[in-house]
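Visitor: Quick one: this structure, given as structure tokens, is what I'll be asking you about.
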Amino acid sequence: MLIRLRLPTHIQLHILRTRYLHHLYGAYSPTTTPTAQLPPSPTAVIGLTGGIATGKSTVSTLLRSHHVPIVDADVLARKVVEPGTPALAAIVRAFGPDVLLPDGTLDRPKLGRVVFADEAKRRALNAIVHPAVRREMFWAVVRCWWRGERVCVLDVPLLIEGGLWKWVAKVVVVYCSAEIQLQRLMKRDGSSREDASARLNAQLPIAEKVQYADIVIDNSGTQQEIQRQVDQFVQRIVKEAGWSWRLSWLFPPWGIASATLTLTWRALRRSQKLKSRRR
């Protein structure tokens, strides 16, 4: 059983307002199902995401304090373009040696300016970096399984946009209202309301991400409130792991079979929801 986190009224209203916006990014947006039951699986791979300034990093830090393994996509994105890596060599071939600093490391601000205003170049960069990051994430999950971890959390800012949500057992979205998100971003970056709004408008709205969630962690309140939600979340996922994670660790074919069952189950549920909404 997934966690029963009661959605606050303002989240429910956001879901109602955005239910029919699933055409954005050409993706189908399933409604939130916080009480769905997943089949037994090996090391439970959980996707953690949110919007800018919603508090995803705070939740990730709290999970680490509970000794939950975190695979941070941002950290891996820096790792895969370190000097000597195939991804960095591909970037230099695509964009030229000018994107390197004198010490041979990637000049991220300069590369950012190059791709910011050019959609084709941005796609070319993503085609180099994203597969490399996904490979690193895969092997990080395998290492978690090898160590016998019950759960593994993928901290991915673009979990929804990149389609990785389809490949995890559960999707956790860290939420706060759009206005709180805006105020936090302005305070964090010292930016104007207009600049902060422009950054938020360039991203998938947090209310849209909520529709993909199996679990919503509401970070609209105090530190104590989010701590309590994270504590509850950790207790439940450890309990839900049950005995099956031991069997999958000791007998790998069982782990592969149960992981396949989990992904198939989720695909069937998405298909059923899509058909019901077309009627």
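Ordering of the structure tokens sets the chain letters (A, B, ...), residue numbers begin anew at 1 in every chain, and ligands are numbered from 1 in the order given.
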Name all residues at most 9 Å from Lys56 of chain A (count only C-alpha atoms; drop same-chain ones fewer than 4 positions away) and give them as number ranges by chain.
Guide: A: 48-52, 60-61, 155, 157, 173-175, 219
Visitor: Tell me, as number ranges by chain, which residues lie within 10 Å of Leu200 of chain A, counting only C-alpha atoms; anything in the same chain fewer than 3 positions away does not count.
Guide: A: 51-53, 178, 181-182, 185, 194-197, 203-206
Visitor: Would you mind reading off the distance between atom CA of Ile217 of chain A and atom CA of Gln229 of chain A, one decimal, in Å?
Guide: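 The value is 6.7 Å.
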Visitor: Under the rule that only C-alpha atoms are counted, which of A:Leu100, A:Ala202, A:Ile70, A:Ala213 is the nearest residue to Leu88 of chain A?
Guide: A:Leu100
Visitor: For the strand (DSSP E or B) assignment from backbone DSSP, which residues of segment 72-204 of chain A qualify? Please present them as a PyMOL selection string.
Guide: chain A and resi 72+100+106+151-155+170-175
Visitor: Write out as a ChimeraX atom specification all residues of segment 126-242 of chain A that DSSP puts in alpha helix (DSSP H) for this structure's backbone.
Guide: /A:126-147,178-189,193-201,206-210,223-241
Visitor: Separation of atom CA of Gly162 of chain A and atom CA of Arg134 of chain A, in Å?
Guide: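 A separation of 10.4 Å between them.
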Visitor: Point out the residue among A:Phe233, A:Arg123, A:Lys110, A:Asn201 with the least atom-to-atom distance to Val216 of chain A, counting only C-alpha atoms.
Guide: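 Checking each of A:Phe233, A:Arg123, A:Lys110, A:Asn201 against Val216 of chain A, counting only C-alpha atoms, the winner is A:Phe233.
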Visitor: Find the residues around Gln227 of chain A up to 10 Å (only C-alpha atoms counted), leave out those fewer than 5 positions away in its own chain, and share them as an NGL selection string.
Guide: :A and (58-59 or 62-63 or 219 or 222 or 232-233)
Visitor: Okay, now the selection with C-alpha atoms, as a compact mmCIF listing (two decimals), in the first residue's frame?
Guide:
# COMPACT_ATOMS: atom_id res chain seq x y z
CA THR A 58 15.23 19.81 1.59
CA VAL A 59 13.35 16.53 1.31
CA LEU A 62 16.01 14.75 5.21
CA LEU A 63 15.94 11.38 3.47
CA ASN A 219 6.16 21.83 1.69
CA THR A 222 6.98 24.75 8.51
CA GLN A 232 6.13 9.07 7.91
CA PHE A 233 7.21 8.45 4.33
Visitor: Work out how far apart atom CA of Leu76 of chain A and atom CA of Arg122 of chain A are and give it in Å to one decimal.
Guide: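 So the two atoms, atom CA of Leu76 of chain A and atom CA of Arg122 of chain A, lie 18.6 Å apart.
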Visitor: Could you list, as a list in words, every residue within 10 Å of Pro83 of chain A, counting only C-alpha atoms and ignoring same-chain residues fewer than 4 positions away?
Guide: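 Everything that qualifies: Lys79, Ala87, Leu88, Ala89, Leu100, Asp103, Gly104, Thr105 and Leu106 of chain A.
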Visitor: For Arg113 of chain A, which residue out of A:Arg188, A:Ile46, A:Phe95, A:Ile215 is the nearest one, using only C-alpha atoms?
Guide: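 Looking at the shortest contact to Arg113 of chain A, the residue is A:Phe95.
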Visitor: Restricting the calculation to only C-alpha atoms: of A:Ile128, A:Leu111, A:Cys176, A:Val234, which residue gets closest to Ser220 of chain A?
Guide: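 That would be A:Cys176, the residue with the smallest distance to Ser220 of chain A.
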Visitor: Choose the residue, out of A:Ala198, A:Gln223, A:Arg184, A:Leu154, that has the smallest atom-to-atom separation from Lys170 of chain A; count only C-alpha atoms.
Guide: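 The closest residue to Lys170 of chain A is A:Leu154.
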Visitor: Using only C-alpha atoms for the distances, tell me which of A:Val92, A:Val45, A:Val129, A:Glu179 is nearest to Ala207 of chain A.
Guide: A:Glu179
